[in-house]
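Pasted below: entry.txt, compact mmCIF, C-alpha atoms.
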# COMPACT_ATOMS: atom_id res chain seq x y z
CA MET A 1 -52.68 3.16 33.01
CA SER A 2 -49.76 1.31 34.58
CA GLU A 3 -46.65 0.22 32.73
CA ARG A 4 -47.71 -3.41 32.83
CA GLU A 5 -51.14 -2.68 31.40
CA GLN A 6 -49.58 -0.75 28.51
CA GLN A 7 -47.49 -3.79 27.57
CA ARG A 8 -50.37 -6.27 27.32
CA GLY A 9 -50.96 -5.66 23.61
CA PHE A 10 -49.12 -7.94 21.20
CA LEU A 11 -47.76 -5.14 18.98
CA PRO A 12 -44.18 -4.42 20.10
CA ASP A 13 -42.60 -0.99 20.46
CA PHE A 14 -41.60 -0.05 16.92
CA CYS A 15 -39.82 3.01 18.32
CA ASP A 16 -37.17 0.68 19.77
CA VAL A 17 -33.95 0.88 17.74
CA ARG A 18 -33.20 -2.83 18.05
CA LEU A 19 -36.65 -3.83 16.81
CA LEU A 20 -36.41 -1.32 13.96
CA PHE A 21 -33.06 -2.80 12.93
CA ALA A 22 -34.53 -6.32 12.90
CA TRP A 23 -37.51 -5.00 10.92
CA VAL A 24 -35.24 -3.46 8.27
CA ILE A 25 -33.13 -6.63 8.01
CA THR A 26 -36.29 -8.73 7.60
CA ALA A 27 -37.52 -6.39 4.85
CA GLU A 28 -34.19 -6.72 3.06
CA LEU A 29 -34.36 -10.49 3.26
CA LEU A 30 -37.85 -10.35 1.75
CA ALA A 31 -36.51 -8.24 -1.12
CA LEU A 32 -33.73 -10.75 -1.68
CA VAL A 33 -36.12 -13.71 -1.72
CA LEU A 34 -38.51 -12.02 -4.16
CA THR A 35 -35.64 -11.06 -6.45
CA LEU A 36 -34.23 -14.58 -6.44
CA ALA A 37 -37.70 -15.96 -7.18
CA ALA A 38 -38.01 -13.76 -10.28
CA PHE A 39 -35.02 -15.41 -12.07
CA ARG A 40 -34.27 -12.32 -14.13
CA ASN A 41 -31.08 -10.86 -15.57
CA ASP A 42 -29.51 -7.79 -13.96
CA PHE A 43 -29.96 -9.31 -10.52
CA TRP A 44 -28.31 -6.50 -8.58
CA GLN A 45 -30.28 -3.78 -10.33
CA HIS A 46 -33.58 -5.53 -9.63
CA LEU A 47 -32.50 -6.21 -6.04
CA SER A 48 -31.65 -2.57 -5.40
CA GLN A 49 -34.96 -1.38 -6.87
CA ARG A 50 -37.01 -3.92 -5.00
CA SER A 51 -35.08 -3.24 -1.77
CA LEU A 52 -35.77 0.48 -2.02
CA TYR A 53 -39.45 -0.18 -2.68
CA ILE A 54 -39.87 -2.63 0.22
CA GLN A 55 -37.80 -0.55 2.63
CA TRP A 56 -40.04 2.47 1.97
CA ILE A 57 -43.05 0.37 2.89
CA ALA A 58 -41.33 -1.17 5.92
CA LEU A 59 -40.09 2.15 7.32
CA MET A 60 -43.38 4.00 6.74
CA LEU A 61 -45.31 1.18 8.42
CA ALA A 62 -42.83 1.05 11.31
CA GLY A 63 -43.11 4.83 11.78
CA SER A 64 -46.91 4.62 11.77
CA LEU A 65 -46.92 1.77 14.30
CA CYS A 66 -44.40 3.66 16.44
CA LEU A 67 -46.89 6.51 16.73
CA LEU A 68 -50.09 4.46 16.87
CA GLY A 69 -48.89 1.28 18.59
CA PRO A 70 -49.82 2.22 22.19
CA ARG A 71 -53.33 3.23 21.10
CA LEU A 72 -53.78 0.13 18.95
CA ASN A 73 -52.80 -2.14 21.83
CA ARG A 74 -55.68 -0.75 23.87
CA LEU A 75 -58.14 -2.03 21.24
CA GLY A 76 -57.47 -5.70 21.91
CA HIS A 77 -55.49 -8.26 19.95
CA ALA A 78 -57.95 -8.86 17.09
CA ALA A 79 -58.74 -5.18 16.46
CA ALA A 80 -55.09 -4.16 16.73
CA GLY A 81 -54.03 -6.90 14.34
CA LEU A 82 -56.68 -6.03 11.75
CA PHE A 83 -55.90 -2.32 11.96
CA ALA A 84 -52.14 -2.95 11.61
CA TRP A 85 -52.79 -5.28 8.67
CA GLY A 86 -55.00 -2.71 6.95
CA LEU A 87 -52.47 0.02 7.70
CA GLY A 88 -49.76 -2.03 6.02
CA LEU A 89 -51.91 -2.47 2.92
CA GLY A 90 -52.65 1.25 2.86
CA VAL A 91 -48.95 2.08 3.08
CA THR A 92 -48.29 -0.35 0.21
CA VAL A 93 -50.83 1.46 -1.97
CA LEU A 94 -49.34 4.88 -1.13
CA VAL A 95 -45.79 3.76 -1.93
CA HIS A 96 -46.94 2.09 -5.13
CA LEU A 97 -48.66 5.30 -6.24
CA ALA A 98 -45.60 7.36 -5.33
CA VAL A 99 -43.37 5.08 -7.41
CA GLN A 100 -45.77 5.35 -10.35
CA ARG A 101 -45.63 9.12 -10.01
CA LEU A 102 -41.83 9.18 -9.95
CA LEU A 103 -41.34 6.75 -12.83
CA GLN A 104 -44.25 7.58 -15.13
CA GLY A 105 -45.26 11.08 -14.09
CA ASP A 106 -48.87 10.25 -13.18
CA TRP A 107 -50.82 8.77 -10.29
CA ALA A 108 -52.65 6.12 -12.34
CA PRO A 109 -51.62 2.72 -10.98
CA ASP A 110 -51.21 -0.47 -12.99
CA PRO A 111 -54.12 -2.57 -11.63
CA VAL A 112 -52.32 -5.89 -12.19
CA SER A 113 -49.07 -4.74 -10.61
CA LEU A 114 -50.91 -3.15 -7.68
CA ALA A 115 -52.94 -6.33 -7.11
CA GLU A 116 -49.75 -8.42 -7.10
CA HIS A 117 -48.06 -6.12 -4.61
CA LEU A 118 -51.11 -6.02 -2.38
CA ALA A 119 -51.37 -9.83 -2.41
CA ILE A 120 -47.71 -10.17 -1.40
CA ALA A 121 -48.07 -7.48 1.27
CA ALA A 122 -51.24 -9.10 2.65
CA ILE A 123 -49.57 -12.51 3.00
CA VAL A 124 -46.30 -11.17 4.44
CA LEU A 125 -48.09 -8.88 6.90
CA ALA A 126 -50.41 -11.67 8.03
CA VAL A 127 -47.43 -13.96 8.69
CA ALA A 128 -45.50 -11.19 10.47
CA LEU A 129 -48.45 -10.24 12.70
CA ARG A 130 -49.10 -13.89 13.51
CA TYR A 131 -45.46 -14.27 14.52
CA LEU A 132 -45.64 -11.17 16.74
CA TYR A 133 -48.79 -12.52 18.36
CA GLU A 134 -47.23 -15.93 19.06
CA LEU A 135 -44.12 -14.23 20.43
CA HIS A 136 -46.32 -12.11 22.68
CA CYS A 137 -48.14 -15.20 23.96
CA HIS A 138 -44.82 -16.88 24.72
CA GLN A 139 -43.61 -13.81 26.61
CA GLU A 140 -46.88 -13.64 28.54
CA ARG A 141 -46.46 -17.25 29.62
CA GLU A 142 -42.94 -16.50 30.81
CA LEU A 143 -44.20 -13.39 32.60
CA ALA A 144 -46.98 -15.37 34.29
CA GLU A 145 -44.43 -17.90 35.47
CA ALA A 146 -42.17 -15.13 36.77
CA ARG A 147 -45.11 -13.54 38.59
CA ALA A 148 -45.99 -16.88 40.16
CA GLN A 149 -42.41 -17.25 41.32
CA ALA A 150 -42.48 -13.68 42.60
CA THR A 151 -45.62 -14.45 44.59
CA ALA A 152 -43.96 -17.54 45.99
CA LEU A 153 -40.95 -15.49 46.99
CA GLN A 154 -43.08 -12.81 48.63
CA ALA A 155 -45.04 -15.41 50.57
CA ARG A 156 -41.89 -17.24 51.57
CA ILE A 157 -40.16 -16.28 54.80
CA ARG A 158 -37.78 -18.97 55.97
CA PRO A 159 -39.33 -20.83 58.94
CA HIS A 160 -36.06 -20.74 60.84
CA PHE A 161 -35.97 -16.94 60.58
CA LEU A 162 -39.56 -16.65 61.81
CA PHE A 163 -39.01 -18.99 64.75
CA ASN A 164 -35.74 -17.30 65.70
CA SER A 165 -37.43 -13.90 65.52
CA MET A 166 -40.26 -15.04 67.78
CA ASN A 167 -37.76 -16.40 70.29
CA THR A 168 -35.85 -13.11 70.17
CA ILE A 169 -39.05 -11.16 70.82
CA ALA A 170 -39.97 -13.45 73.71
CA ASN A 171 -36.57 -12.92 75.33
CA LEU A 172 -36.60 -9.16 74.77
CA THR A 173 -40.11 -8.79 76.17
CA ARG A 174 -38.69 -9.34 79.67
CA ALA A 175 -35.25 -7.79 79.22
CA ASP A 176 -36.00 -4.76 77.00
CA PRO A 177 -39.71 -4.17 76.16
CA ALA A 178 -38.96 -1.12 73.99
CA LEU A 179 -36.50 -3.08 71.87
CA ALA A 180 -38.95 -5.97 71.66
CA GLU A 181 -41.56 -3.56 70.28
CA GLN A 182 -39.07 -2.39 67.64
CA VAL A 183 -38.37 -5.96 66.57
CA VAL A 184 -42.13 -6.64 66.32
CA GLU A 185 -42.54 -3.58 64.10
CA ASP A 186 -39.65 -4.64 61.84
CA LEU A 187 -41.07 -8.15 61.57
CA SER A 188 -44.56 -6.84 60.77
CA ASP A 189 -43.09 -4.67 58.00
CA LEU A 190 -41.54 -7.76 56.42
CA PHE A 191 -44.81 -9.68 56.62
CA ARG A 192 -46.73 -6.73 55.22
CA ALA A 193 -44.40 -6.60 52.22
CA SER A 194 -44.57 -10.37 51.70
CA LEU A 195 -48.37 -10.35 51.68
CA ALA A 196 -48.78 -7.24 49.50
CA ASP A 197 -50.14 -7.28 45.96
CA GLU A 198 -47.45 -8.42 43.52
CA ASP A 199 -48.12 -5.38 41.29
CA ARG A 200 -47.33 -2.95 44.10
CA ARG A 201 -44.28 -0.82 43.48
CA SER A 202 -41.72 -0.08 46.15
CA THR A 203 -38.96 2.54 46.19
CA LEU A 204 -35.26 2.40 46.85
CA GLY A 205 -35.80 4.21 50.15
CA ASP A 206 -38.45 1.71 51.24
CA GLU A 207 -36.25 -1.25 50.28
CA LEU A 208 -33.29 0.14 52.20
CA GLU A 209 -35.44 0.75 55.28
CA MET A 210 -36.88 -2.78 55.10
CA ALA A 211 -33.34 -4.15 54.75
CA ARG A 212 -32.25 -2.23 57.84
CA GLY A 213 -35.24 -3.61 59.73
CA TYR A 214 -34.39 -7.17 58.73
CA LEU A 215 -30.76 -6.71 59.79
CA ARG A 216 -31.86 -5.21 63.11
CA ILE A 217 -33.84 -8.38 63.81
CA GLU A 218 -30.89 -10.61 62.92
CA ALA A 219 -28.52 -8.44 64.96
CA GLN A 220 -30.53 -9.21 68.11
CA ARG A 221 -29.85 -12.91 67.55
CA LEU A 222 -26.33 -12.89 66.11
CA GLY A 223 -24.96 -9.95 68.07
CA GLU A 224 -21.38 -9.00 67.18
CA ARG A 225 -21.12 -11.96 64.82
CA LEU A 226 -23.11 -9.91 62.29
CA ARG A 227 -21.17 -6.90 61.06
CA VAL A 228 -22.82 -4.74 58.40
CA HIS A 229 -21.22 -1.96 56.36
CA TRP A 230 -23.37 0.41 54.30
CA ASP A 231 -21.88 2.21 51.29
CA LEU A 232 -24.65 4.68 50.39
CA PRO A 233 -23.86 8.05 48.77
CA ASP A 234 -25.93 11.08 49.79
CA ASP A 235 -27.26 11.67 46.26
CA LEU A 236 -29.11 8.35 45.85
CA PRO A 237 -32.55 8.57 44.15
CA LEU A 238 -34.50 7.23 47.12
CA HIS A 239 -37.82 7.72 45.30
CA ALA A 240 -36.77 5.53 42.35
CA HIS A 241 -39.38 2.82 41.76
CA MET A 242 -38.51 -0.86 41.96
CA PRO A 243 -40.27 -4.18 42.64
CA PRO A 244 -40.72 -4.91 46.35
CA LEU A 245 -38.55 -7.37 48.25
CA LEU A 246 -35.49 -7.25 46.01
CA LEU A 247 -32.86 -6.38 48.60
CA GLN A 248 -34.08 -8.26 51.69
CA PRO A 249 -33.88 -11.79 50.14
CA LEU A 250 -30.29 -11.12 49.06
CA LEU A 251 -29.40 -10.03 52.59
CA GLU A 252 -31.17 -13.07 54.00
CA ASN A 253 -29.04 -15.27 51.77
CA ALA A 254 -25.91 -13.45 52.89
CA VAL A 255 -26.76 -14.01 56.56
CA TYR A 256 -27.98 -17.58 56.12
CA HIS A 257 -25.12 -18.81 53.94
CA GLY A 258 -22.25 -16.50 54.85
CA ILE A 259 -22.62 -15.28 58.43
CA GLU A 260 -24.49 -18.00 60.33
CA PRO A 261 -22.21 -20.94 59.43
CA ALA A 262 -19.05 -19.05 60.49
CA ILE A 263 -18.02 -19.49 64.13
CA ASP A 264 -16.83 -15.89 64.37
CA GLY A 265 -19.59 -14.56 62.13
CA GLY A 266 -18.70 -12.30 59.25
CA GLU A 267 -19.25 -9.08 57.41
CA THR A 268 -21.93 -8.02 54.96
CA LEU A 269 -21.37 -5.04 52.67
CA VAL A 270 -24.32 -3.27 51.03
CA SER A 271 -23.38 -0.85 48.28
CA VAL A 272 -25.73 1.24 46.10
CA ARG A 273 -24.80 3.50 43.19
CA ALA A 274 -26.85 5.45 40.65
CA ARG A 275 -25.00 6.16 37.42
CA ARG A 276 -26.07 6.92 33.86
CA GLY A 277 -29.71 6.10 34.49
CA LEU A 278 -28.97 2.76 36.17
CA LEU A 279 -29.30 1.74 39.80
CA ASN A 280 -26.56 -0.69 40.86
CA ILE A 281 -27.05 -2.62 44.11
CA SER A 282 -24.41 -4.94 45.52
CA VAL A 283 -24.66 -7.33 48.48
CA ALA A 284 -21.38 -9.01 49.45
CA ASN A 285 -20.57 -11.24 52.41
CA THR A 286 -17.53 -12.99 53.77
CA VAL A 287 -17.30 -16.72 53.12
CA PRO A 288 -16.99 -19.21 56.00
CA GLU A 289 -13.70 -21.05 56.23
CA GLY A 290 -13.70 -24.10 54.03
CA GLY A 291 -15.65 -22.39 51.24
CA HIS A 292 -19.17 -21.22 50.60
CA LYS A 293 -21.07 -24.32 51.65
CA GLU A 294 -24.32 -24.88 49.86
CA ARG A 295 -27.47 -25.05 51.92
CA ARG A 296 -30.81 -26.21 50.63
CA GLY A 297 -32.53 -23.54 48.53
CA ASN A 298 -29.37 -21.49 48.14
CA ARG A 299 -30.23 -20.35 44.61
CA MET A 300 -34.02 -20.09 44.84
CA ALA A 301 -34.23 -16.49 46.05
CA GLN A 302 -31.56 -15.40 43.58
CA ARG A 303 -33.37 -16.98 40.64
CA ASN A 304 -36.66 -15.44 41.69
CA VAL A 305 -35.11 -11.99 42.08
CA ALA A 306 -33.52 -12.34 38.62
CA ASP A 307 -36.84 -13.47 37.11
CA ARG A 308 -38.70 -10.55 38.69
CA LEU A 309 -36.14 -8.09 37.34
CA ARG A 310 -36.58 -9.56 33.87
CA ALA A 311 -40.38 -9.48 34.19
CA PHE A 312 -40.40 -5.80 35.19
CA TYR A 313 -37.57 -4.43 33.04
CA GLY A 314 -36.68 -6.99 30.37
CA ASP A 315 -33.07 -6.80 29.19
CA ALA A 316 -32.60 -3.41 30.87
CA ALA A 317 -32.01 -5.12 34.24
CA GLY A 318 -29.96 -8.09 35.34
CA MET A 319 -27.96 -9.87 38.03
CA ARG A 320 -24.36 -11.02 38.39
CA ILE A 321 -23.02 -13.45 40.97
CA GLY A 322 -19.38 -14.15 41.77
CA LYS A 323 -16.40 -13.86 44.07
CA VAL A 324 -14.89 -10.37 44.54
CA ASP A 325 -11.94 -9.82 46.87
CA GLY A 326 -12.67 -13.09 48.63
CA ARG A 327 -16.32 -12.19 49.24
CA TYR A 328 -19.42 -13.76 47.76
CA GLN A 329 -21.15 -10.94 45.86
CA VAL A 330 -24.53 -10.51 44.20
CA ARG A 331 -24.96 -7.44 42.02
CA ILE A 332 -28.20 -6.29 40.41
CA HIS A 333 -28.80 -3.37 38.09
CA LEU A 334 -32.07 -1.81 36.97
CA PRO A 335 -33.23 1.43 35.33
CA VAL A 336 -33.82 4.48 37.52
CA ARG A 337 -37.50 5.36 37.21
CA GLU A 338 -39.09 7.94 39.44
CA ASP A 339 -42.32 8.40 37.46
CA ALA A 340 -45.60 7.29 38.96
CA GLY A 341 -46.07 3.55 38.61
Could you quickly redo this structure as structure tokens?
Amino acid sequence: MSEREQQRGFLPDFCDVRLLFAWVITAELLALVLTLAAFRNDFWQHLSQRSLYIQWIALMLAGSLCLLGPRLNRLGHAAAGLFAWGLGLGVTVLVHLAVQRLLQGDWAPDPVSLAEHLAIAAIVLAVALRYLYELHCHQERELAEARAQATALQARIRPHFLFNSMNTIANLTRADPALAEQVVEDLSDLFRASLADEDRRSTLGDELEMARGYLRIEAQRLGERLRVHWDLPDDLPLHAHMPPLLLQPLLENAVYHGIEPAIDGGETLVSVRARRGLLNISVANTVPEGGHKERRGNRMAQRNVADRLRAFYGDAAGMRIGKVDGRYQVRIHLPVREDAG
């Protein structure tokens, strides 16, 4: 099962430290509300006891969902929700019995007290699961929008680039047939990637090769006006998985907005680093004199690349845009994953 398919269930990953922290804080807030609602003396003593009781339930349920969550998500939303709800009630009973054992020395529960606790747990769990489901639906809508944008990006090759490439091929067919064949192959690779299934995974090596192919095409048109510098260490994880067409649109922007408008052309620097489990990719280009003039659609590819990173990796990936040493630079980072996608 692919990574995307595993994430379709609405139950989140309770093994995640950030989610567990939020879960514990929510449980503590529930203990505070219930203690305030009781209007009893010795507030802090009752709060500490109720906090300990609720935190036991919260942590046991979180641990159970951490282990069972991936399997539950395969059952479908309704079945997973009912099972998680029943599991929470079962944990409440176990903790209640354990408290009875510790305080009174026997396993016989107080039926009234147990019924009250089960009623509270049933309501709170139902509200919490409903919230998680609504949050999942909202995230799915955002993901669907990001996928639609990704499809639009993959299907989008600037008309001016296509026409210029065809003119280049036509000219090379007479002057250098072998080079014309190379340009046709590079162009077909770009089209093949743009028309591929959006769920297809690429690799760093494939993306770098596609970027080289794109720059070879542009070099036939721009000649010495296009100067490219590659900063690629020998130990790069070339088999690391990543969404397709991440690097080429950034290079296309660099050429279209930084190199083409300049009379003397300019330089593009491509730098890749892999450190501490993250892949850092930087595309920088010189800025034409008079500033980085906006052209129509200047931010579209960047927004789509950022959305696709978020759709695939969540908060673990991102993009930064700015001026560095007088160059316009786009930097993206994403986790290094070499497992089968």
- Item | Close residues, Leu20 (chain A) itself excluded, 10 Å, all atoms listed in the file, min 5 positions apart in chain, as a ChimeraX atom specification | /A:13-15,25-26,58-59,62-63,66
- Message: Env of region 312-320 of chain A: 7 Å cut, atoms = all atoms listed in the file, seq-sep filter 4 positions within chain, self excluded. Answer as an NGL selection string.
- Response: :A and (306 or 308 or 330-335)
- Query: Leaving out Gly223 (chain A) and any residue of its chain fewer than 4 positions from it, which residues lie within 12 Å of it when counting only C-alpha atoms, given as a PyMOL selection string?
  - Reply: chain A and resi 168+215-219+227-228+259-260+264-266
- Computed gap from CA of Val17 (chain A) to CA of Trp85 (chain A) is 21.8 Å
- Select, from A:Phe43, A:Tyr328, A:Tyr133, A:Tyr53, the residue with the minimum atom-to-atom distance to Gly76 (chain A), counting only C-alpha atoms. A:Tyr133
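Using all atoms listed in the file, the shortest contact distance between Leu250 (chain A) and any of A:Pro233, A:Gln302, A:Leu87, A:Ala262 is found at A:Gln302.
Residues in contact with Leu75 (chain A) at 12 Å, where only C-alpha atoms are counted and same-chain residues fewer than 5 positions away are skipped, are listed as Gln6, Arg8, Gly9, Phe10, Leu11, Leu68, Gly69, Pro70, Ala80, Gly81, Leu82, Phe83 and Ala84 of chain A.
We find CA of Asp206 (chain A) and CA of Ala284 (chain A) to be spaced 20.2 Å apart.
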For Ala121 (chain A), work out the shell of residues within 9 Å, counting all atoms listed in the file and skipping chain neighbours fewer than 5 positions away, then give it as a PDB file with C-alpha atoms, keeping the file's coordinate frame.
ATOM      1  CA  GLY A  88     -49.760  -2.030   6.020  1.00  0.00           C
ATOM      2  CA  LEU A  89     -51.910  -2.470   2.920  1.00  0.00           C
ATOM      3  CA  THR A  92     -48.290  -0.350   0.210  1.00  0.00           C
ATOM      4  CA  GLU A 116     -49.750  -8.420  -7.100  1.00  0.00           C
ATOM      5  CA  ALA A 126     -50.410 -11.670   8.030  1.00  0.00           C
TER       6      ALA A 126
END
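Between CA of Val183 (chain A) and CA of Ser165 (chain A) the interatomic distance comes to 8.1 Å.
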Once 4 Å is added on each side, what are the centre and the three edge lengths, in Å to one decimal, of the axis-aligned box enclosing the listed atoms of region 222-231 of chain A? Present them as JSON.
{"center_x": -23.7, "center_y": -5.3, "center_z": 59.7, "size_x": 13.2, "size_y": 23.1, "size_z": 24.8}
Could you please fill out region 162-193 of chain A with N, CA and C atoms and send it back as a PDB file, in the coordinates of the input?
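This went into out30.pdb:
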ATOM      1  N   LEU A 162     -38.360 -16.996  61.051  1.00  0.00           N
ATOM      2  CA  LEU A 162     -39.560 -16.650  61.810  1.00  0.00           C
ATOM      3  C   LEU A 162     -39.473 -17.158  63.243  1.00  0.00           C
ATOM      4  N   PHE A 163     -39.084 -18.418  63.411  1.00  0.00           N
ATOM      5  CA  PHE A 163     -39.010 -18.990  64.750  1.00  0.00           C
ATOM      6  C   PHE A 163     -37.937 -18.273  65.589  1.00  0.00           C
ATOM      7  N   ASN A 164     -36.792 -18.002  64.974  1.00  0.00           N
ATOM      8  CA  ASN A 164     -35.740 -17.300  65.700  1.00  0.00           C
ATOM      9  C   ASN A 164     -36.189 -15.896  66.100  1.00  0.00           C
ATOM     10  N   SER A 165     -36.938 -15.242  65.201  1.00  0.00           N
ATOM     11  CA  SER A 165     -37.430 -13.900  65.520  1.00  0.00           C
ATOM     12  C   SER A 165     -38.418 -13.933  66.684  1.00  0.00           C
ATOM     13  N   MET A 166     -39.300 -14.932  66.679  1.00  0.00           N
ATOM     14  CA  MET A 166     -40.260 -15.040  67.780  1.00  0.00           C
ATOM     15  C   MET A 166     -39.558 -15.315  69.106  1.00  0.00           C
ATOM     16  N   ASN A 167     -38.519 -16.146  69.074  1.00  0.00           N
ATOM     17  CA  ASN A 167     -37.760 -16.400  70.290  1.00  0.00           C
ATOM     18  C   ASN A 167     -37.050 -15.128  70.768  1.00  0.00           C
ATOM     19  N   THR A 168     -36.511 -14.372  69.808  1.00  0.00           N
ATOM     20  CA  THR A 168     -35.850 -13.110  70.170  1.00  0.00           C
ATOM     21  C   THR A 168     -36.834 -12.154  70.821  1.00  0.00           C
ATOM     22  N   ILE A 169     -38.027 -12.055  70.255  1.00  0.00           N
ATOM     23  CA  ILE A 169     -39.050 -11.160  70.820  1.00  0.00           C
ATOM     24  C   ILE A 169     -39.438 -11.616  72.220  1.00  0.00           C
ATOM     25  N   ALA A 170     -39.590 -12.925  72.384  1.00  0.00           N
ATOM     26  CA  ALA A 170     -39.970 -13.450  73.710  1.00  0.00           C
ATOM     27  C   ALA A 170     -38.912 -13.113  74.755  1.00  0.00           C
ATOM     28  N   ASN A 171     -37.642 -13.229  74.387  1.00  0.00           N
ATOM     29  CA  ASN A 171     -36.570 -12.920  75.330  1.00  0.00           C
ATOM     30  C   ASN A 171     -36.499 -11.420  75.624  1.00  0.00           C
ATOM     31  N   LEU A 172     -36.694 -10.600  74.583  1.00  0.00           N
ATOM     32  CA  LEU A 172     -36.600  -9.160  74.770  1.00  0.00           C
ATOM     33  C   LEU A 172     -37.790  -8.593  75.531  1.00  0.00           C
ATOM     34  N   THR A 173     -38.919  -9.292  75.479  1.00  0.00           N
ATOM     35  CA  THR A 173     -40.110  -8.790  76.170  1.00  0.00           C
ATOM     36  C   THR A 173     -39.827  -8.589  77.663  1.00  0.00           C
ATOM     37  N   ARG A 174     -39.029  -9.478  78.245  1.00  0.00           N
ATOM     38  CA  ARG A 174     -38.690  -9.340  79.670  1.00  0.00           C
ATOM     39  C   ARG A 174     -37.483  -8.427  79.890  1.00  0.00           C
ATOM     40  N   ALA A 175     -36.491  -8.532  78.999  1.00  0.00           N
ATOM     41  CA  ALA A 175     -35.250  -7.790  79.220  1.00  0.00           C
ATOM     42  C   ALA A 175     -35.336  -6.342  78.738  1.00  0.00           C
ATOM     43  N   ASP A 176     -35.960  -6.127  77.573  1.00  0.00           N
ATOM     44  CA  ASP A 176     -36.000  -4.760  77.000  1.00  0.00           C
ATOM     45  C   ASP A 176     -37.296  -4.624  76.203  1.00  0.00           C
ATOM     46  N   PRO A 177     -38.403  -4.258  76.854  1.00  0.00           N
ATOM     47  CA  PRO A 177     -39.710  -4.170  76.160  1.00  0.00           C
ATOM     48  C   PRO A 177     -39.697  -3.212  74.982  1.00  0.00           C
ATOM     49  N   ALA A 178     -38.987  -2.093  75.092  1.00  0.00           N
ATOM     50  CA  ALA A 178     -38.960  -1.120  73.990  1.00  0.00           C
ATOM     51  C   ALA A 178     -38.296  -1.724  72.755  1.00  0.00           C
ATOM     52  N   LEU A 179     -37.187  -2.441  72.980  1.00  0.00           N
ATOM     53  CA  LEU A 179     -36.500  -3.080  71.870  1.00  0.00           C
ATOM     54  C   LEU A 179     -37.349  -4.213  71.284  1.00  0.00           C
ATOM     55  N   ALA A 180     -38.056  -4.916  72.139  1.00  0.00           N
ATOM     56  CA  ALA A 180     -38.950  -5.970  71.660  1.00  0.00           C
ATOM     57  C   ALA A 180     -40.029  -5.381  70.746  1.00  0.00           C
ATOM     58  N   GLU A 181     -40.546  -4.217  71.113  1.00  0.00           N
ATOM     59  CA  GLU A 181     -41.560  -3.560  70.280  1.00  0.00           C
ATOM     60  C   GLU A 181     -40.979  -3.181  68.916  1.00  0.00           C
ATOM     61  N   GLN A 182     -39.720  -2.731  68.899  1.00  0.00           N
ATOM     62  CA  GLN A 182     -39.070  -2.390  67.640  1.00  0.00           C
ATOM     63  C   GLN A 182     -38.908  -3.613  66.744  1.00  0.00           C
ATOM     64  N   VAL A 183     -38.534  -4.728  67.342  1.00  0.00           N
ATOM     65  CA  VAL A 183     -38.370  -5.960  66.570  1.00  0.00           C
ATOM     66  C   VAL A 183     -39.726  -6.410  66.003  1.00  0.00           C
ATOM     67  N   VAL A 184     -40.789  -6.280  66.795  1.00  0.00           N
ATOM     68  CA  VAL A 184     -42.130  -6.640  66.320  1.00  0.00           C
ATOM     69  C   VAL A 184     -42.521  -5.769  65.127  1.00  0.00           C
ATOM     70  N   GLU A 185     -42.223  -4.483  65.202  1.00  0.00           N
ATOM     71  CA  GLU A 185     -42.540  -3.580  64.100  1.00  0.00           C
ATOM     72  C   GLU A 185     -41.758  -3.939  62.840  1.00  0.00           C
ATOM     73  N   ASP A 186     -40.461  -4.250  63.001  1.00  0.00           N
ATOM     74  CA  ASP A 186     -39.650  -4.640  61.840  1.00  0.00           C
ATOM     75  C   ASP A 186     -40.178  -5.930  61.221  1.00  0.00           C
ATOM     76  N   LEU A 187     -40.548  -6.887  62.082  1.00  0.00           N
ATOM     77  CA  LEU A 187     -41.070  -8.150  61.570  1.00  0.00           C
ATOM     78  C   LEU A 187     -42.407  -7.961  60.869  1.00  0.00           C
ATOM     79  N   SER A 188     -43.253  -7.096  61.408  1.00  0.00           N
ATOM     80  CA  SER A 188     -44.560  -6.840  60.770  1.00  0.00           C
ATOM     81  C   SER A 188     -44.376  -6.160  59.422  1.00  0.00           C
ATOM     82  N   ASP A 189     -43.356  -5.299  59.290  1.00  0.00           N
ATOM     83  CA  ASP A 189     -43.090  -4.670  58.000  1.00  0.00           C
ATOM     84  C   ASP A 189     -42.712  -5.713  56.951  1.00  0.00           C
ATOM     85  N   LEU A 190     -41.918  -6.704  57.347  1.00  0.00           N
ATOM     86  CA  LEU A 190     -41.540  -7.760  56.420  1.00  0.00           C
ATOM     87  C   LEU A 190     -42.752  -8.581  55.994  1.00  0.00           C
ATOM     88  N   PHE A 191     -43.612  -8.920  56.951  1.00  0.00           N
ATOM     89  CA  PHE A 191     -44.810  -9.680  56.620  1.00  0.00           C
ATOM     90  C   PHE A 191     -45.750  -8.862  55.734  1.00  0.00           C
ATOM     91  N   ARG A 192     -45.860  -7.583  56.026  1.00  0.00           N
ATOM     92  CA  ARG A 192     -46.730  -6.730  55.220  1.00  0.00           C
ATOM     93  C   ARG A 192     -46.253  -6.693  53.773  1.00  0.00           C
ATOM     94  N   ALA A 193     -44.948  -6.615  53.587  1.00  0.00           N
ATOM     95  CA  ALA A 193     -44.400  -6.600  52.220  1.00  0.00           C
ATOM     96  C   ALA A 193     -44.588  -7.945  51.536  1.00  0.00           C
TER      97      ALA A 193
END
